[in-house]
Structures are given as structure tokens and as C-alpha cells.
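Taking it in order: structure first as C-alpha cells, then the write-up.
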Amino acid sequence: MVTDQTGGIEPVAVDIERNPGAVLELGAEAPPDVPLYVLRVGVRGGFGGTRAGLPVYRRDNPAPHPVLKEIYQCEVAGKVLESANIYALREKVQRQLDVIAPARSLPLCYFRAPRYDYSLGVHQEGAHLVCPVLAGPRIRAANLAEIREPVLDHLRAAGYLVADEAPEVLVLRPSDLRLVPPAAVIRSLEERNLWLPTVEGTSAEGPVVGLLSHPTELLTEVRRRRGAPARDAPPSAVDVTALLRWVGGEMMIRGRLASPWSLYAGEVRPEIWARTEELTDPTSRTLLAHLDGGTTLEVPVRHTAAGEAVGAIRDVGVAVFLAGDHDALAAVIGQYLVRAGFLRDPADLRPEVVREAPAERLDPDSIRTGTPADFGAEPGKELSQLEKTHEDREVETT
């Protein structure tokens, strides 16, 4: 008699793929930051329907007399898994995915109290977002901004957070299933309750930044069956300024904003801002203001490919602003500084032209004065005169 011990649930499809960038010759060792393998996990979600790739690293066992000479490890949703070989590690990954996603739907994000290392995950249940720890039929939300408030109230009431302490927000990146801080958080100067975390990922066109509209789902089959409906990818763009443009336009159409330039991206990670710097052009304009504490603030202005003005301020992370022209950018950043308590009037932030030095400017240390004798030249002879060589005289005679 044959029995089924799995309960009829098929395991998550996980394939082993060797990293082509870690091809080694006989006797060589891979650098510690280069993964030897990639575990490909079938997921539905992300940007462009690409499969998630979990990098697998190999390291030596530091024990003095180890039974296992080497250890293979990878990270799944913030937990580091280790095993003796790549095949045993794949089984551990499948079991871990079954634990964190029993319904094949991964958490959308986590709210973590750093002092106690305590986290609360947010899941999607039907058309609403819920937190399984918070019991009650009313604790349902349509978006992350609505579920954020009851989660914060629970963490403060349970003593995990003090009154003015904010939790650490971690999102699940679809490309490698790692827990990372949001790429940016979109906020609004008009609507204070707007809170849209974003995550970076990979699409068919390349790296993108997108919204967390729905969680990532695990697949038991890599190929999509014929007739199965394709799921729309979340809104994404090549960088954070293009995403601000798209979100601002959509909210303008729905009547939630009077101006699309009131949106800004806060808590932008440095590598996400570096991507924007690559795609925008510097200008000779800057925004200048004298803050209340006596500090002078200068915000360089950059231009997008569409001709919009972009400015960034290093606050908690990087705050990125987008506007149609320089005056509108100065008004938006001025309102942000007034709300933060650094300025009294938004008009105190003024656009100015940067006076750049000429391209052929001489270094002051290279300028020397004195007589020709001071520089080793014969008296009465100009420094610019060159001595004629034997070859020069032959050319002149011919």
C-alpha cells in the first residue's frame, strides 16, 4: 500500500543553477563575495515575472577539527540557512518557504522592533492586508499606510517601542527573497497620511524601482498552464524620479492631489540615489538657503531626460524632490524645510547660478615670477625660444 505523507501539497519548485561568474580552474578558490550557486525559486509577482535567485555562498568551517570541511549558506526572508552541500540546502530552503508562506503567499513586509528583535509580518488575505498577531475582524486595511497605525499601537502597548520610537520597516525583495529596507518611501506634502514604501527589483528591461502593491506568491510549477490568467506586474520605473512622476500623475487623475510636485521620496537608500544620478544631468543651478541654526544649505539642481528639475537633501537617508522647473522645485523643498523646522518661510530658499571657473584656469602654484636667470636660462634669451638641434638645421638647408 502506498501512502502520501505530504498531505497532497507539492513542494515549491527550487532549481540549482551554477553561477557562471564563479567558474574556477583546478585548485583555485572563489572570492568570498562571489556565490557559487543560485537557487532559482518559482514566484508569481515581482517586476516582469522573473524567477527569484537566492545566491549560495561556500565557506570553510572554522572549527579546529570539523566533521564538515565546508559549509553552504544562503538567506531566505532574513534567516540564514546552512548545510553540508547544495542539495541539502535546497531542501532546507523548501522547508523554510513552507513555514513563512503556508498558503504560498509571502509576507509583504515586516515591522521590526530593533531593541528586542521582534517582528510583525503583514500578509494579504483576500482584498485586504492583515497582521496575524493582531486579532479582530476590524484590523483590516486596504494598503500599508492603514495597517501601519494599528501595528505601531500594538508594538507600543506591548512595550517593544517607546512613545517616540519608530519601528524598522523591512520589505521582501522579489528578486532574491531577502529582507531589505525600502528603496524609498513616497510621501506627500499635501496628504500627511500617504505612506508608500517601494522596493527595487529586476525586470526584462533591467533594474527598476516599484511599489509594493501585492505580495509575492510561490509556484509549485515553473511553467504557467495554458489558459491561466497572467498577473499584472506592480507599477515600476527605471529610477525613483520616474516613479514619482507616474504616481503623481495617477493621483492627479483620481483627484487626490492638487499638484503632482507635492510628492517626494524619503528615506532613499544611497545606491538608489546613485542610480538617479546616472540617469540625470547636472546643471549650473543650485538652491541656496540660510537655515535657522546658521548653516548654509546648498541643493544642486539636476535635470531629467524630460526636462524636469530634481533636487536631493540628505536627511534620514536621502530625500528626493521632483518639479517642473527650478522655481517649483524651490517651493517644494522650501515647504519641506519649513515643515521640518529648518526654515521660517519657503521663499528663503532661492535658485542661484553657480559661477564656475574657466576651463583653462591656471593653478596659482604654477605661476612664477623672476628673471630668466632665476629659471636657468641665459641672460637676454627668451624662455620660449628653443635651441635648434642638428636635425633642425639639416631640414632648414634642404
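Every chain in the C-alpha cells has a letter given in the order shown (A, B, ...), and although residue numbers restart at 1 in each chain, ligands are simply numbered from 1 in the order shown.
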Close residues, Val199 (chain A) itself excluded, 7 Å, only C-alpha atoms, min 4 positions apart in chain, as a ChimeraX atom specification: /A:173,182-183,209-212
Residues flagged strand (DSSP E) by DSSP in region 167-377 of chain A, as a PyMOL selection string: chain A and resi 168-173+178-180+185-188+196-203+206-211+217-218+236-237+263-268+281-290+296-303+309-315+317-323+350-353
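For the atom pair formed by CA of Asn143 (chain A) and CA of Thr198 (chain A), the distance is 12.9 Å, given to one decimal.
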Near-Gly293 (chain A) list (9 Å; only C-alpha atoms; drop same-chain fewer than 3 positions) as a PyMOL selection string: chain A and resi 290+296+342
Filtering to C-alpha atoms, could you give me those residues as a JSON list (two decimals), in the first residue's frame?
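again36.json was written with the following content:
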[["chain", "number", "residue", "atom", "x", "y", "z"],
["A", 290, "HIS", "CA", 20.50, 80.01, 5.32],
["A", 296, "THR", "CA", 24.09, 77.28, 4.76],
["A", 342, "PHE", "CA", 14.72, 74.40, 9.40]]
Members of region 146-300 of chain A assigned helix (DSSP H, G or I) by DSSP, as JSON, numbers by chain: {"A": [146, 147, 148, 149, 150, 151, 152, 153, 154, 155, 156, 157, 240, 241, 242, 243, 244, 245, 246, 247, 248, 249, 250, 251, 252, 253, 260, 261, 262, 270, 271, 272, 273, 274, 275, 276, 277, 278, 279]}
Cut-off 9 Å: closest region 143-245 of chain A/region 131-134 of chain A atom pairs per residue, using only C-alpha atoms, as a tab-separated table:
residue	atom	partner	partner_atom	distance
A:Ile147	CA	A:Cys131	CA	8.0
A:Pro150	CA	A:Leu134	CA	8.3
A:Val151	CA	A:Leu134	CA	7.8
A:His154	CA	A:Leu134	CA	7.9
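Taking only C-alpha atoms into account, Thr241 (chain A) lies nearest to A:Ala306 out of the set A:Arg192, A:Ser259, A:Thr286, A:Ala306.
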Gap from CA of Leu329 (chain A) to CA of Gly317 (chain A) - Å, one decimal: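 These atoms are spaced 19.4 Å apart.
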